[in-house]
Structure formats: structure tokens, C-alpha cells
>>> print(open('input-v4.cif').read())   # mmCIF, C-alpha atoms and all ligand atoms
data_my_file
#
loop_
_atom_site.label_atom_id
_atom_site.label_comp_id
_atom_site.auth_asym_id
_atom_site.auth_seq_id
_atom_site.Cartn_x
_atom_site.Cartn_y
_atom_site.Cartn_z
CA MET U 1 -20.34 -7.62 -22.88
CA THR U 2 -23.00 -4.91 -23.09
CA SER U 3 -23.04 -1.93 -20.76
CA GLU U 4 -26.70 -2.52 -19.87
CA TYR U 5 -27.44 -4.75 -16.89
CA THR U 6 -30.69 -5.42 -15.12
CA PRO U 7 -29.85 -6.50 -11.56
CA PRO U 8 -31.79 -9.57 -10.36
CA LYS U 9 -33.92 -9.27 -7.21
CA VAL U 10 -31.23 -10.99 -5.13
CA TRP U 11 -27.56 -11.03 -6.11
CA THR U 12 -26.04 -14.50 -6.25
CA TRP U 13 -22.48 -15.67 -6.79
CA ASP U 14 -22.95 -17.54 -10.06
CA ALA U 15 -19.80 -16.79 -11.99
CA GLU U 16 -16.52 -14.96 -11.81
CA SER U 17 -16.93 -11.28 -12.63
CA GLY U 18 -14.02 -11.33 -15.08
CA GLY U 19 -10.95 -9.13 -15.16
CA ARG U 20 -7.70 -9.45 -13.27
CA PHE U 21 -8.09 -10.77 -9.69
CA ALA U 22 -11.53 -12.23 -10.51
CA SER U 23 -10.37 -15.68 -9.43
CA ILE U 24 -9.54 -14.49 -5.89
CA ASN U 25 -12.71 -12.46 -5.32
CA ARG U 26 -15.30 -14.11 -3.09
CA PRO U 27 -18.42 -12.78 -1.36
CA ILE U 28 -17.60 -14.64 1.87
CA ALA U 29 -14.98 -14.02 4.54
CA GLY U 30 -12.92 -16.52 6.51
CA PRO U 31 -10.17 -18.98 5.64
CA THR U 32 -10.27 -21.33 2.68
CA HIS U 33 -7.45 -23.57 3.89
CA ASP U 34 -5.25 -24.35 6.90
CA LYS U 35 -1.85 -22.74 6.76
CA GLU U 36 0.26 -21.45 9.60
CA LEU U 37 2.24 -18.27 9.08
CA PRO U 38 6.02 -18.37 9.41
CA VAL U 39 7.52 -16.45 12.35
CA GLY U 40 11.07 -15.08 12.30
CA LYS U 41 13.46 -13.94 14.99
CA HIS U 42 12.58 -10.22 15.14
CA PRO U 43 9.97 -8.48 17.34
CA PHE U 44 7.88 -7.47 14.33
CA GLN U 45 6.46 -9.87 11.76
CA LEU U 46 5.09 -8.25 8.62
CA TYR U 47 2.96 -10.27 6.18
CA SER U 48 2.62 -8.29 2.99
CA LEU U 49 3.12 -7.73 -0.71
CA ALA U 50 4.54 -4.53 -2.21
CA THR U 51 1.30 -3.06 -3.53
CA PRO U 52 0.73 0.60 -2.56
CA ASN U 53 -1.01 -0.51 0.64
CA GLY U 54 1.63 -3.12 1.30
CA GLN U 55 4.57 -0.76 0.72
CA LYS U 56 3.54 1.59 3.51
CA ALA U 57 4.72 -0.66 6.34
CA GLY U 58 7.99 -1.58 4.62
CA VAL U 59 8.77 2.10 4.06
CA LEU U 60 8.01 3.00 7.68
CA PHE U 61 10.10 0.12 9.04
CA GLU U 62 13.04 1.21 6.91
CA GLU U 63 12.60 4.85 7.98
CA LEU U 64 12.46 3.82 11.65
CA LEU U 65 15.62 1.74 11.32
CA ALA U 66 17.39 4.54 9.42
CA ALA U 67 16.45 6.93 12.23
CA GLY U 68 18.09 4.59 14.77
CA HIS U 69 15.00 2.93 16.27
CA ASP U 70 14.99 -0.70 17.36
CA ALA U 71 12.42 -1.71 14.75
CA GLU U 72 13.93 -4.90 13.36
CA TYR U 73 11.41 -6.91 11.43
CA ASP U 74 10.85 -10.00 9.33
CA ALA U 75 8.78 -9.41 6.20
CA TRP U 76 7.09 -12.46 4.70
CA LEU U 77 5.58 -12.58 1.23
CA ILE U 78 1.82 -13.03 0.98
CA ASN U 79 1.00 -13.79 -2.62
CA ILE U 80 -2.58 -12.57 -3.00
CA GLY U 81 -2.78 -13.96 -6.54
CA ASP U 82 -2.26 -17.43 -5.07
CA GLY U 83 -4.82 -16.85 -2.29
CA ASP U 84 -2.31 -16.75 0.61
CA GLN U 85 -4.53 -14.16 2.30
CA PHE U 86 -7.16 -16.84 2.84
CA GLY U 87 -4.85 -19.18 4.79
CA SER U 88 -5.99 -19.77 8.41
CA GLY U 89 -2.86 -18.20 9.93
CA PHE U 90 -3.22 -15.04 7.88
CA VAL U 91 -6.92 -14.74 8.68
CA ASP U 92 -6.03 -14.99 12.37
CA VAL U 93 -3.88 -11.85 11.94
CA ASN U 94 -6.28 -10.09 9.57
CA PRO U 95 -9.91 -11.28 9.54
CA ASN U 96 -10.37 -9.07 6.47
CA SER U 97 -7.93 -11.21 4.40
CA LYS U 98 -6.01 -8.31 2.91
CA ILE U 99 -2.37 -7.35 3.05
CA PRO U 100 -0.61 -5.81 4.93
CA ALA U 101 -0.91 -7.45 8.34
CA LEU U 102 1.45 -7.14 11.29
CA LEU U 103 2.15 -9.27 14.33
CA ASP U 104 3.81 -7.16 17.01
CA ARG U 105 5.67 -9.53 19.33
CA SER U 106 7.68 -6.83 21.06
CA GLY U 107 5.59 -6.95 24.26
CA ASP U 108 4.55 -9.73 26.63
CA THR U 109 1.60 -10.74 24.47
CA PRO U 110 1.61 -10.73 20.66
CA VAL U 111 -0.63 -8.03 19.21
CA ARG U 112 -2.17 -8.24 15.75
CA VAL U 113 -2.60 -5.10 13.65
CA PHE U 114 -4.40 -4.95 10.31
CA GLU U 115 -5.29 -2.05 7.98
CA SER U 116 -2.22 -0.24 6.67
CA GLY U 117 -3.19 3.05 8.35
CA ALA U 118 -3.50 1.33 11.73
CA ILE U 119 -0.10 -0.33 11.21
CA LEU U 120 1.51 3.05 10.45
CA LEU U 121 -0.10 4.69 13.48
CA HIS U 122 0.69 1.75 15.79
CA LEU U 123 4.40 1.78 14.87
CA ALA U 124 4.75 5.57 14.80
CA GLU U 125 3.18 5.85 18.26
CA LYS U 126 5.24 2.97 19.60
CA PHE U 127 8.49 4.67 18.57
CA GLY U 128 7.29 8.26 18.91
CA ALA U 129 8.48 8.95 15.37
CA PHE U 130 7.16 10.35 12.09
CA LEU U 131 4.13 11.80 13.85
CA GLY U 132 5.07 15.43 13.18
CA LYS U 133 4.76 18.29 15.62
CA PRO U 134 2.20 17.81 18.43
CA GLU U 135 0.35 20.96 17.34
CA GLU U 136 0.02 19.48 13.83
CA ARG U 137 -1.20 16.05 15.02
CA ALA U 138 -4.84 16.64 14.08
CA GLU U 139 -3.77 17.77 10.61
CA MET U 140 -1.51 14.74 10.26
CA LEU U 141 -4.32 12.37 11.28
CA SER U 142 -6.68 14.13 8.90
CA TRP U 143 -4.38 13.49 5.93
CA LEU U 144 -3.67 9.93 7.02
CA PHE U 145 -7.37 9.14 7.17
CA TRP U 146 -7.93 11.10 3.95
CA GLN U 147 -5.64 8.63 2.24
CA MET U 148 -7.38 5.62 3.73
CA GLY U 149 -10.74 6.91 2.52
CA SER U 150 -9.61 8.26 -0.85
CA ALA U 151 -7.31 5.61 -2.27
CA PRO U 152 -10.08 3.05 -2.91
CA TYR U 153 -11.44 5.50 -5.52
CA LEU U 154 -8.02 5.49 -7.16
CA GLY U 155 -7.28 1.76 -6.80
CA GLY U 156 -10.64 0.03 -6.62
CA GLY U 157 -12.28 2.60 -8.87
CA PHE U 158 -9.96 4.15 -11.45
CA GLY U 159 -7.24 1.47 -11.44
CA HIS U 160 -9.74 -1.36 -11.60
CA PHE U 161 -11.75 -0.02 -14.52
CA TYR U 162 -8.82 1.51 -16.43
CA ALA U 163 -6.36 -1.36 -16.07
CA TYR U 164 -7.98 -4.54 -14.75
CA ALA U 165 -11.64 -4.75 -15.89
CA PRO U 166 -12.39 -7.20 -18.72
CA SER U 167 -13.29 -4.34 -21.07
CA LYS U 168 -12.92 -0.55 -21.18
CA MET U 169 -16.20 1.05 -20.07
CA GLU U 170 -16.59 4.78 -20.51
CA TYR U 171 -18.89 5.50 -17.58
CA PRO U 172 -16.77 4.11 -14.71
CA ILE U 173 -13.47 5.24 -16.28
CA ASN U 174 -14.83 8.77 -16.63
CA ARG U 175 -16.25 8.83 -13.16
CA PHE U 176 -13.10 7.59 -11.44
CA ALA U 177 -10.64 9.54 -13.64
CA MET U 178 -12.57 12.67 -12.65
CA GLU U 179 -12.31 11.78 -8.95
CA THR U 180 -8.65 10.77 -9.17
CA LYS U 181 -7.75 14.05 -10.85
CA ARG U 182 -9.73 15.95 -8.23
CA GLN U 183 -7.76 14.16 -5.52
CA LEU U 184 -4.45 15.00 -7.26
CA ASP U 185 -5.57 18.62 -7.30
CA VAL U 186 -6.41 18.48 -3.58
CA LEU U 187 -2.86 17.29 -2.94
CA ASP U 188 -1.32 19.78 -5.36
CA ARG U 189 -3.01 22.74 -3.68
CA ASN U 190 -1.94 21.56 -0.23
CA LEU U 191 1.65 20.99 -1.36
CA ALA U 192 1.77 24.46 -2.90
CA GLU U 193 1.78 25.79 0.65
CA ARG U 194 3.76 23.09 2.43
CA LYS U 195 6.94 21.06 1.98
CA PHE U 196 5.22 17.91 3.25
CA MET U 197 1.53 17.13 3.75
CA THR U 198 1.26 18.73 7.19
CA GLY U 199 4.11 21.23 7.14
CA ASP U 200 7.89 20.97 7.40
CA ASP U 201 7.87 17.46 8.91
CA TYR U 202 7.82 14.23 6.95
CA THR U 203 5.21 12.02 8.64
CA ILE U 204 3.30 8.77 8.27
CA ALA U 205 0.67 10.77 6.34
CA ASP U 206 3.31 11.44 3.66
CA ILE U 207 4.29 7.77 3.64
CA ALA U 208 0.68 6.63 3.24
CA ILE U 209 -0.16 9.17 0.54
CA TRP U 210 3.13 8.78 -1.31
CA CYS U 211 2.69 5.02 -1.68
CA TRP U 212 -0.48 5.69 -3.69
CA TYR U 213 -0.38 9.17 -5.21
CA GLY U 214 3.42 9.52 -5.28
CA ASN U 215 3.75 6.29 -7.21
CA LEU U 216 0.92 7.42 -9.50
CA ALA U 217 2.61 10.79 -10.11
CA LEU U 218 5.90 9.04 -10.87
CA GLY U 219 4.22 6.94 -13.55
CA ARG U 220 4.29 3.63 -11.69
CA GLN U 221 0.56 2.96 -11.43
CA TYR U 222 -1.77 1.54 -14.05
CA GLU U 223 0.29 2.93 -16.98
CA ALA U 224 -1.95 5.97 -16.62
CA ALA U 225 0.58 8.82 -16.34
CA GLU U 226 -0.27 10.32 -19.71
CA PHE U 227 -4.02 9.66 -19.44
CA LEU U 228 -4.21 11.50 -16.12
CA ASP U 229 -1.61 14.10 -17.15
CA VAL U 230 0.21 13.55 -13.86
CA THR U 231 3.13 15.86 -14.72
CA SER U 232 0.78 18.85 -14.64
CA TYR U 233 0.53 18.54 -10.83
CA LYS U 234 3.80 20.37 -10.22
CA ASN U 235 3.73 20.44 -6.43
CA VAL U 236 2.83 16.75 -6.25
CA GLN U 237 5.74 16.06 -8.61
CA ARG U 238 8.21 17.98 -6.44
CA TRP U 239 7.03 16.21 -3.26
CA ALA U 240 6.87 12.76 -4.92
CA GLN U 241 10.41 13.02 -6.26
CA GLU U 242 11.80 14.25 -2.97
CA ILE U 243 10.33 11.32 -1.06
CA ASP U 244 11.31 8.88 -3.79
CA ALA U 245 14.96 9.89 -3.32
CA ARG U 246 15.02 8.89 0.36
CA PRO U 247 17.20 5.78 0.81
CA ALA U 248 14.71 4.25 3.27
CA VAL U 249 11.92 4.69 0.74
CA LYS U 250 14.00 3.02 -1.95
CA ARG U 251 14.51 0.04 0.37
CA GLY U 252 10.93 0.04 1.68
CA ARG U 253 9.50 -0.14 -1.84
CA MET U 254 11.45 -3.34 -2.42
CA VAL U 255 10.15 -5.18 0.65
CA ASN U 256 7.88 -8.06 -0.39
CA LYS U 257 8.12 -7.01 -4.02
CA ALA U 258 7.71 -9.98 -6.31
CA THR U 259 7.14 -8.26 -9.65
CA GLY U 260 8.95 -5.69 -11.77
CA PRO U 261 12.70 -5.38 -12.39
CA ILE U 262 14.51 -8.21 -10.63
CA GLU U 263 16.94 -5.84 -8.88
CA GLU U 264 13.97 -4.11 -7.19
CA GLN U 265 12.49 -7.36 -5.87
CA LEU U 266 13.03 -8.54 -2.33
CA HIS U 267 10.52 -11.30 -1.66
CA GLU U 268 11.35 -11.59 2.03
CA ARG U 269 13.28 -9.29 4.34
CA HIS U 270 14.95 -10.62 7.48
CA ASP U 271 18.08 -8.53 7.74
CA ALA U 272 19.44 -5.17 6.57
CA SER U 273 22.00 -7.02 4.47
CA ASP U 274 19.19 -8.54 2.35
CA PHE U 275 19.11 -5.24 0.42
CA ASP U 276 22.86 -5.36 -0.28
CA LEU U 277 22.39 -8.56 -2.22
CA ARG U 278 19.91 -6.79 -4.47
CA THR U 279 22.37 -3.91 -4.95
CA GLN U 280 24.96 -6.43 -6.05
CA ASP U 281 22.51 -7.82 -8.58
CA LYS U 282 22.04 -4.29 -9.87
CA LEU U 283 25.78 -3.66 -10.18
CA ALA U 284 26.18 -6.98 -11.94
CA GLY U 285 23.65 -5.64 -14.47
N1 LIG W 1 -7.80 -0.78 3.64
C1 LIG W 1 -6.87 -1.85 3.52
C2 LIG W 1 -6.82 -2.32 2.10
C3 LIG W 1 -5.87 -3.46 1.91
C4 LIG W 1 -6.01 -4.06 0.52
O1 LIG W 1 -6.94 -3.74 -0.23
N2 LIG W 1 -5.11 -4.98 0.19
C5 LIG W 1 -5.17 -5.64 -1.10
C6 LIG W 1 -3.87 -5.43 -1.87
S1 LIG W 1 -3.52 -3.71 -2.07
C7 LIG W 1 -5.37 -7.13 -0.89
O2 LIG W 1 -4.81 -7.71 0.01
N3 LIG W 1 -6.18 -7.76 -1.75
C8 LIG W 1 -6.40 -9.15 -1.70
C9 LIG W 1 -7.85 -9.51 -1.83
O3 LIG W 1 -8.67 -8.61 -1.99
O4 LIG W 1 -8.16 -10.71 -1.74
C10 LIG W 1 -5.48 -1.37 3.99
O5 LIG W 1 -5.15 -0.20 3.73
O6 LIG W 1 -4.73 -2.16 4.61
#
>>> encode(input="input-v4.cif", output="C-alpha cells", more="lines below")
Ligand SMILES: N[C@@H](CCC(=O)N[C@@H](CS)C(=O)NCC(=O)O)C(=O)O
Amino acid sequence: MTSEYTPPKVWTWDAESGGRFASINRPIAGPTHDKELPVGKHPFQLYSLATPNGQKAGVLFEELLAAGHDAEYDAWLINIGDGDQFGSGFVDVNPNSKIPALLDRSGDTPVRVFESGAILLHLAEKFGAFLGKPEERAEMLSWLFWQMGSAPYLGGGFGHFYAYAPSKMEYPINRFAMETKRQLDVLDRNLAERKFMTGDDYTIADIAIWCWYGNLALGRQYEAAEFLDVTSYKNVQRWAQEIDARPAVKRGRMVNKATGPIEEQLHERHDASDFDLRTQDKLAG
């Protein structure tokens, strides 16, 4: 493949673009097949996969439960590599065909929620939790929306070209490594002044940002820890490790995880005891 490309007058979908996930990329929306979604016994039905975007809801649910809220949920695995996100039932819950998606059946009428940031805000407002101090709400929302706008540069930009593209291309890797490091510096400077993103309170902004940049700082994303010199962001490191140690975060990371060490995988979650089984696996070695 050469790096030169002359775009045609009109783009057409002639061939797969190559790289990981090429087989599931399509330029059209909507379902590809009929498939109903399963529904469990709890008020909240989460349809997800433990990618950084997918982890956010699992972490918040586990934090809500740990804090004593009535936030019981069923978490169902959506395997995006197999195209589950294009099933008719999933598209009914998220017309954008991306995980995570939530069906809130706690009220009289089921409510669908898609976009991970909207799911976090919907649940946090419902339970009045992890929103931070009222006087810091605007700051909290600013960081939450910062994550939603910034992470595509990390995932769709840096991660795609560094780890998933069919070949290593200097221009996009440079461009997105530069932007990713700038974002890490933005976080590092903020966390030099504050314990959490908005102050002393741990909020949904921390959850959203940690799932992307915390995992990156802890060396769990794209095998890029050395390349991006993530340990040099000392304040991000301190914050990432502190959040990583929270028991609810440890559980939340496992929800709908279908890759990685077997003891960290929990394909579906329907009950708190589902995690104990994984712990037993771990103890058994
Ligand atoms: N802005 C969306 C992004 C969701 C997203 O990109 N999900 C990815 C996995 S991390 C996905 O479902 N990809 C499947 C596909 O593109 O077909 C959110 O935060 O919920």
C-alpha cells in the first residue's frame, strides 16, 4: 500500500478498507438481520462489551450498588466482532449500532438510552449519585463532555492507526500520538491541582475519563505505554491507580468482558454473585 491516494470524485463502497474491524464497517445504518434482545429480571438491561466505552456503564452500576442504591441490572454481551450491534433489537435500543446501550425499565414505560455519556448522566441523575457538588456541576459536565469529544482522537485516531490499521503510516500515527499526548498533559495539569477531575469528589466524569485515559496510563490500551511514555504523566498515574484500586471498578471492568485473562472475564452479569465465581477461578489459579 502506498501512502499516496487520489480520492475519486464520489466515494463508493467497493472494498473493505483493511485492518482490524474492517469486516464490520459499513457506510449504511440500520439492522442487517432480525434478532430480539434478551431481557432479564432487573430494572436495568445493559447491552455492552467491555471496551473503554462499554466499561463505563458497568463501572457506574457497580459503584451505585456498592453505595447502596437499588441499581440491579442484567448485562448482556454484544459481540461487535460478530455484528451483534446490527441486530434489529439492538438497533431499536441504539439506532447508531454501537455499544453500550441501556434499556431502563424501572418506570412505567421502558426508556432507551444510548451513548455512554448519556447513560452515565441518566443513571447518575436518577440516583442522585456521583454527580459531585452542585457548585461543581458545570465543571463536572465540562469534563464529561470533554471525554466524549476527545476519546475518538485516542481510539479512532491513535489506537486505530497505531494498533489496528493494515500498515504503520507515519503521518496519522504522528498526528494522533501528538494529540493523545496533549490530552494526557491536559489531564495531568488538572490532576496536579485536584484529587479527582472536578475536585475532591469522584464523579461520572472520572469514570468516563478513567475508562479511556486511566486504562491507557495503566498500560492496558494498544500496547502503547512505552511509545506514549505514559509513566511520565505522574498525576494521571496517581489518579489512575487510585481509581483502579476501587472494588467496584475492578468488578465493573469485568462486566461483558470476553477477552483477556479468563479470571477477568464475565460475559454476562445478572447477579452480584456472578463475580464470586470469577474470584474462585482466580483462587484456583
Ligand atoms: N460515542 C459512543 C461510541 C461508542 C462506540 O464507538 N462503540 C464501539 C465500541 S467502543 C462500537 O460499538 N463499535 C461497533 C461498530 O462500530 O460497529 C459512546 O460513547 O457510546
>>> residues_near_ligand(input="input-v4.cif", ligand="ligand LIG 1 (chain W)", cutoff="8 Å", atoms="only C-alpha atoms and all ligand atoms", output="list of chain:residue names")
U:Phe21, U:Ile24, U:Asn25, U:Leu49, U:Thr51, U:Pro52, U:Asn53, U:Gly54, U:Ile80, U:Gly81, U:Gly83, U:Gln85, U:Phe86, U:Ser97, U:Lys98, U:Ile99, U:Pro100, U:Ala101, U:Phe114, U:Glu115, U:Ser116, U:Gly117, U:Met148, U:Pro152
>>> closest_residue(input="input-v4.cif", among="U:Ile28, U:Lys181, U:Ser142, U:Leu131", to="Leu154 in chain U", atoms="only C-alpha atoms")
U:Lys181
>>> residues_around(input="input-v4.cif", residues="range 189-203 of chain U", least_positions_apart="5", cutoff="7 Å", atoms="all atoms listed in the file", output="PyMOL selection string")
chain U and resi 130-132+136+139-140+235-236+239
>>> closest_atom_pairs(input="input-v4.cif", of="range 156-212 of chain U", to="range 2-18 of chain U", cutoff="12 Å", atoms="all atoms listed in the file", output="CSV")
residue,atom,partner,partner_atom,distance
U:His160,CA,U:Gly18,CA,11.4
U:Phe161,CA,U:Gly18,CA,11.5
U:Tyr164,CA,U:Gly18,CA,9.1
U:Ala165,CA,U:Gly18,CA,7.0
U:Pro166,CA,U:Gly18,CA,5.7
U:Ser167,CA,U:Gly18,CA,9.2
U:Lys168,CA,U:Ser3,CA,10.2
U:Met169,CA,U:Ser3,CA,7.5
U:Glu170,CA,U:Ser3,CA,9.3
U:Tyr171,CA,U:Ser3,CA,9.1
U:Pro172,CA,U:Ser3,CA,10.6
>>> write_last_selection(input="input-v4.cif", atoms="C-alpha atoms", output="tab-separated table (two decimals), keeping the file's coordinate frame")
chain	number	residue	atom	x	y	z
U	160	HIS	CA	-9.74	-1.36	-11.60
U	161	PHE	CA	-11.75	-0.02	-14.52
U	164	TYR	CA	-7.98	-4.54	-14.75
U	165	ALA	CA	-11.64	-4.75	-15.89
U	166	PRO	CA	-12.39	-7.20	-18.72
U	167	SER	CA	-13.29	-4.34	-21.07
U	168	LYS	CA	-12.92	-0.55	-21.18
U	169	MET	CA	-16.20	1.05	-20.07
U	170	GLU	CA	-16.59	4.78	-20.51
U	171	TYR	CA	-18.89	5.50	-17.58
U	172	PRO	CA	-16.77	4.11	-14.71
>>> atom_distance(input="input-v4.cif", atom1="CA of Asp276 in chain U", atom2="CA of Glu264 in chain U")
11.3 Å
>>> atom_distance(input="input-v4.cif", atom1="CA of Asp70 in chain U", atom2="CA of Leu103 in chain U")
15.7 Å
>>> closest_residue(input="input-v4.cif", among="U:Gly214, U:Gly87, U:Gly128, U:Pro43", to="Asp108 in chain U", atoms="only C-alpha atoms")
U:Pro43
>>> closest_residue(input="input-v4.cif", among="U:Pro261, U:Pro95, U:Pro38, U:Gly30", to="Arg112 in chain U", atoms="only C-alpha atoms")
U:Pro95
>>> closest_residue(input="input-v4.cif", among="U:Ile204, U:Phe176, U:Val93, U:Leu141", to="Gly155 in chain U", atoms="all atoms listed in the file")
U:Phe176
>>> atom_distance(input="input-v4.cif", atom1="CA of Arg105 in chain U", atom2="CA of Lys250 in chain U")
26.1 Å
>>> closest_residue(input="input-v4.cif", among="U:Val39, U:Ala248, U:Leu216, U:Leu228", to="Leu65 in chain U", atoms="all atoms listed in the file")
U:Ala248
>>> closest_residue(input="input-v4.cif", among="U:Gln183, U:Glu63, U:Ala177, U:Leu218", to="Ala124 in chain U", atoms="all atoms listed in the file")
U:Glu63
>>> residues_near_point(input="input-v4.cif", point="(-1.9, -20.6, 4.7)", cutoff="8 Å", atoms="all atoms listed in the file", output="PyMOL selection string")
chain U and resi 33-37+84-90
>>> write_last_selection(input="input-v4.cif", atoms="C-alpha atoms", output="compact mmCIF listing (two decimals), in the frame of the given file")
# COMPACT_ATOMS: atom_id res chain seq x y z
CA HIS U 33 -7.45 -23.57 3.89
CA ASP U 34 -5.25 -24.35 6.90
CA LYS U 35 -1.85 -22.74 6.76
CA GLU U 36 0.26 -21.45 9.60
CA LEU U 37 2.24 -18.27 9.08
CA ASP U 84 -2.31 -16.75 0.61
CA GLN U 85 -4.53 -14.16 2.30
CA PHE U 86 -7.16 -16.84 2.84
CA GLY U 87 -4.85 -19.18 4.79
CA SER U 88 -5.99 -19.77 8.41
CA GLY U 89 -2.86 -18.20 9.93
CA PHE U 90 -3.22 -15.04 7.88
>>> residues_near_point(input="input-v4.cif", point="(5.8, -7.7, 6.8)", cutoff="7 Å", atoms="all atoms listed in the file", output="list in words")
Gln45, Leu46, Tyr47, Ser48, Gly58, Asp74, Ala75, Trp76, Pro100, Ala101 and Leu102 of chain U
